[in-house]
Amino acid sequence: MPRYQSLQEAYEKCQKEGLLRFQEEIDTAKIKHMITLSQADVDAAKQLSKSLPKESIGWNTIYKLHYDALHSLTEAFLRFNRIKSSNHQCLFAHLCHEHLELEFNWNLFEKIRTQRNGILYYGTPIAYEDWKAIELQVQLYIKTLREAIEKKLEKLVL
């Protein structure tokens, strides 16, 4: 199991290893598409969760769909900075380090990233209680990112 890294440690490692790359242009069509896809993930999770018993293994899917939405929105948001990341940890580290105005919690990003990796790579299931523990904060972060992206898109149009 990898050792926990603070935001500063993770960010410095990403910088040192060249895992954050500069992009030449801001592709607004791609950003808009990413918003649409992330909303589709959230909508699918919402629909699925309506009929899911608390004991269901399906909470893994709900968790992953929300994680994917959060990841896509983070990637879309950082495209305005012309930043592309080689991995999810660096993407979230850049977001938290460079955008303090959003008031995001690094520890939440690390928690959901490692739990999602546990599902995908180690067969560690997520229970209903695991989802409920992060649900409100994740939904708030998704909403915050979507609104921030939409404001940036509006400014580009003006």
# chains A, B, ... in the order shown; residues from 1 in each chain; ligands from 1

call {"tool": "select_by_dssp", "arguments": {"residues": "stretch 8-138 of chain A", "states": "strand (DSSP E or B)", "output": "list in words"}}
result
Leu20, Arg21, Phe22, Ile83, Lys84 and Ser85 of chain A

call {"tool": "write_last_selection", "arguments": {"atoms": "N, CA and C atoms", "output": "compact mmCIF listing (two decimals), in the first residue's frame"}}
result
# COMPACT_ATOMS: atom_id res chain seq x y z
N LEU A 20 2.87 16.86 -14.70
CA LEU A 20 1.94 17.92 -15.08
C LEU A 20 2.49 18.58 -16.32
N ARG A 21 1.72 18.51 -17.40
CA ARG A 21 2.21 19.02 -18.69
C ARG A 21 1.39 20.22 -19.14
N PHE A 22 2.04 21.11 -19.85
CA PHE A 22 1.40 22.29 -20.40
C PHE A 22 0.79 21.95 -21.74
N ILE A 83 -3.34 22.85 -18.33
CA ILE A 83 -2.64 21.79 -17.60
C ILE A 83 -3.28 20.45 -17.92
N LYS A 84 -2.44 19.47 -18.17
CA LYS A 84 -2.85 18.08 -18.36
C LYS A 84 -1.98 17.25 -17.44
N SER A 85 -2.58 16.26 -16.81
CA SER A 85 -1.84 15.44 -15.85
C SER A 85 -1.71 14.00 -16.35

call {"tool": "closest_atom_pairs", "arguments": {"of": "stretch 42-158 of chain A", "to": "stretch 3-13 of chain A", "cutoff": "7 Å", "atoms": "only C-alpha atoms", "output": "Markdown table"}}
result
| residue | atom | partner | partner_atom | distance |
| --- | --- | --- | --- | --- |
| A:Cys90 | CA | A:Tyr11 | CA | 6.5 |
| A:Ala93 | CA | A:Tyr11 | CA | 5.4 |
| A:His94 | CA | A:Tyr11 | CA | 6.4 |
| A:Trp106 | CA | A:Leu7 | CA | 6.2 |

call {"tool": "write_last_selection", "arguments": {"atoms": "N, CA, C and O atoms", "output": "compact mmCIF listing (two decimals), in the first residue's frame"}}
result
# COMPACT_ATOMS: atom_id res chain seq x y z
N CYS A 90 -1.92 13.59 -9.40
CA CYS A 90 -1.32 14.86 -9.79
C CYS A 90 -2.38 15.86 -10.24
O CYS A 90 -2.27 17.06 -9.97
N ALA A 93 -3.89 17.07 -7.08
CA ALA A 93 -2.90 17.86 -6.34
C ALA A 93 -2.78 19.25 -6.95
O ALA A 93 -2.74 20.26 -6.23
N HIS A 94 -2.74 19.33 -8.26
CA HIS A 94 -2.66 20.63 -8.92
C HIS A 94 -3.90 21.46 -8.62
O HIS A 94 -3.79 22.66 -8.31
N TRP A 106 -7.87 18.29 0.25
CA TRP A 106 -6.96 17.32 -0.35
C TRP A 106 -7.23 15.91 0.18
O TRP A 106 -7.21 14.93 -0.57

call {"tool": "residues_around", "arguments": {"residues": "stretch 120-122 of chain A", "least_positions_apart": "5", "cutoff": "10 Å", "atoms": "only C-alpha atoms", "output": "NGL selection string"}}
result
:A and (60 or 64 or 114-115)

call {"tool": "write_last_selection", "arguments": {"atoms": "N, CA and C atoms", "output": "compact mmCIF listing (two decimals), in the first residue's frame"}}
result
# COMPACT_ATOMS: atom_id res chain seq x y z
N ASN A 60 -20.56 0.16 -5.34
CA ASN A 60 -19.26 0.34 -6.00
C ASN A 60 -19.44 1.15 -7.28
N LYS A 64 -17.93 4.80 -8.18
CA LYS A 64 -17.07 5.01 -9.36
C LYS A 64 -17.65 6.04 -10.32
N THR A 114 -8.04 6.67 -3.57
CA THR A 114 -7.51 5.39 -3.13
C THR A 114 -8.61 4.34 -2.97
N GLN A 115 -9.81 4.78 -2.55
CA GLN A 115 -10.90 3.81 -2.46
C GLN A 115 -11.35 3.36 -3.84

call {"tool": "select_by_dssp", "arguments": {"residues": "stretch 33-155 of chain A", "states": "helix (DSSP H, G or I)", "output": "CSV table (one decimal) with C-alpha atoms, in the first residue's frame"}}
result
chain,number,residue,atom,x,y,z
A,33,HIS,CA,-18.2,17.6,-23.8
A,34,MET,CA,-16.6,16.6,-20.5
A,35,ILE,CA,-19.3,18.5,-18.6
A,36,THR,CA,-21.9,16.6,-20.5
A,37,LEU,CA,-20.3,13.3,-19.9
A,38,SER,CA,-19.8,14.0,-16.2
A,39,GLN,CA,-23.5,14.9,-15.9
A,40,ALA,CA,-24.4,11.7,-17.5
A,41,ASP,CA,-22.4,9.8,-14.9
A,42,VAL,CA,-24.1,11.7,-12.1
A,43,ASP,CA,-27.6,11.1,-13.6
A,44,ALA,CA,-26.9,7.4,-14.1
A,45,ALA,CA,-25.7,7.0,-10.5
A,46,LYS,CA,-28.8,8.9,-9.2
A,47,GLN,CA,-31.1,6.7,-11.2
A,48,LEU,CA,-29.4,3.5,-10.2
A,49,SER,CA,-29.2,4.4,-6.5
A,50,LYS,CA,-33.0,4.9,-6.3
A,59,TRP,CA,-22.6,0.9,-4.4
A,60,ASN,CA,-19.3,0.3,-6.0
A,61,THR,CA,-20.8,1.5,-9.3
A,62,ILE,CA,-22.3,4.6,-7.6
A,63,TYR,CA,-19.0,5.5,-6.1
A,64,LYS,CA,-17.1,5.0,-9.4
A,65,LEU,CA,-19.6,7.0,-11.4
A,66,HIS,CA,-19.3,10.0,-9.0
A,67,TYR,CA,-15.5,9.6,-8.9
A,68,ASP,CA,-15.4,9.7,-12.7
A,69,ALA,CA,-17.6,12.8,-12.8
A,70,LEU,CA,-15.4,14.5,-10.3
A,71,HIS,CA,-12.3,13.5,-12.2
A,72,SER,CA,-13.7,14.7,-15.6
A,73,LEU,CA,-14.7,18.0,-14.2
A,74,THR,CA,-11.3,18.5,-12.6
A,75,GLU,CA,-9.6,17.7,-15.9
A,76,ALA,CA,-12.0,20.1,-17.7
A,77,PHE,CA,-11.4,22.9,-15.1
A,78,LEU,CA,-7.6,22.6,-15.4
A,79,ARG,CA,-7.8,22.8,-19.1
A,88,HIS,CA,-5.2,11.3,-11.1
A,89,GLN,CA,-3.2,12.1,-8.0
A,90,CYS,CA,-1.3,14.9,-9.8
A,91,LEU,CA,-4.5,16.2,-11.3
A,92,PHE,CA,-6.1,16.6,-7.9
A,93,ALA,CA,-2.9,17.9,-6.3
A,94,HIS,CA,-2.7,20.6,-8.9
A,95,LEU,CA,-6.3,21.6,-8.4
A,96,CYS,CA,-6.0,21.8,-4.6
A,97,HIS,CA,-2.6,23.5,-4.7
A,98,GLU,CA,-3.3,26.1,-7.3
A,100,LEU,CA,-7.2,27.6,-3.0
A,101,GLU,CA,-10.3,29.8,-3.8
A,102,LEU,CA,-12.3,26.6,-4.3
A,106,TRP,CA,-7.0,17.3,-0.3
A,107,ASN,CA,-7.7,14.5,2.1
A,108,LEU,CA,-11.1,13.9,0.5
A,109,PHE,CA,-9.6,13.6,-3.0
A,110,GLU,CA,-7.0,11.2,-1.7
A,111,LYS,CA,-9.6,9.1,0.1
A,112,ILE,CA,-11.9,8.7,-2.8
A,113,ARG,CA,-9.0,8.2,-5.2
A,114,THR,CA,-7.5,5.4,-3.1
A,115,GLN,CA,-10.9,3.8,-2.5
A,116,ARG,CA,-11.7,3.9,-6.2
A,117,ASN,CA,-8.3,2.3,-6.9
A,118,GLY,CA,-9.1,-0.3,-4.3
A,119,ILE,CA,-12.3,-1.2,-6.2
A,120,LEU,CA,-10.6,-1.4,-9.5
A,121,TYR,CA,-7.2,-2.9,-8.8
A,122,TYR,CA,-7.4,-4.7,-5.4
A,128,TYR,CA,-23.4,1.8,1.3
A,129,GLU,CA,-21.9,3.4,4.4
A,130,ASP,CA,-18.6,4.2,2.5
A,131,TRP,CA,-20.6,6.0,-0.1
A,132,LYS,CA,-22.8,7.9,2.4
A,133,ALA,CA,-19.6,9.0,4.2
A,134,ILE,CA,-18.5,11.1,1.2
A,135,GLU,CA,-21.7,11.6,-0.7
A,136,LEU,CA,-22.5,15.2,0.2
A,137,GLN,CA,-19.0,16.5,-0.1
A,138,VAL,CA,-18.5,14.8,-3.5
A,139,GLN,CA,-21.7,16.2,-4.8
A,140,LEU,CA,-20.8,19.7,-3.5
A,141,TYR,CA,-17.4,19.4,-5.3
A,142,ILE,CA,-19.0,18.3,-8.5
A,143,LYS,CA,-21.4,21.3,-8.3
A,144,THR,CA,-18.7,23.7,-7.5
A,145,LEU,CA,-16.5,22.6,-10.3
A,146,ARG,CA,-19.3,22.6,-12.9
A,147,GLU,CA,-20.2,26.2,-11.9
A,148,ALA,CA,-16.6,27.3,-12.0
A,149,ILE,CA,-16.2,25.8,-15.5
A,150,GLU,CA,-19.4,27.4,-16.7
A,151,LYS,CA,-18.2,30.8,-15.4
A,152,LYS,CA,-14.9,30.4,-17.2
A,153,LEU,CA,-16.7,29.4,-20.4
A,154,GLU,CA,-18.9,32.5,-20.2
A,155,LYS,CA,-15.8,34.7,-19.9
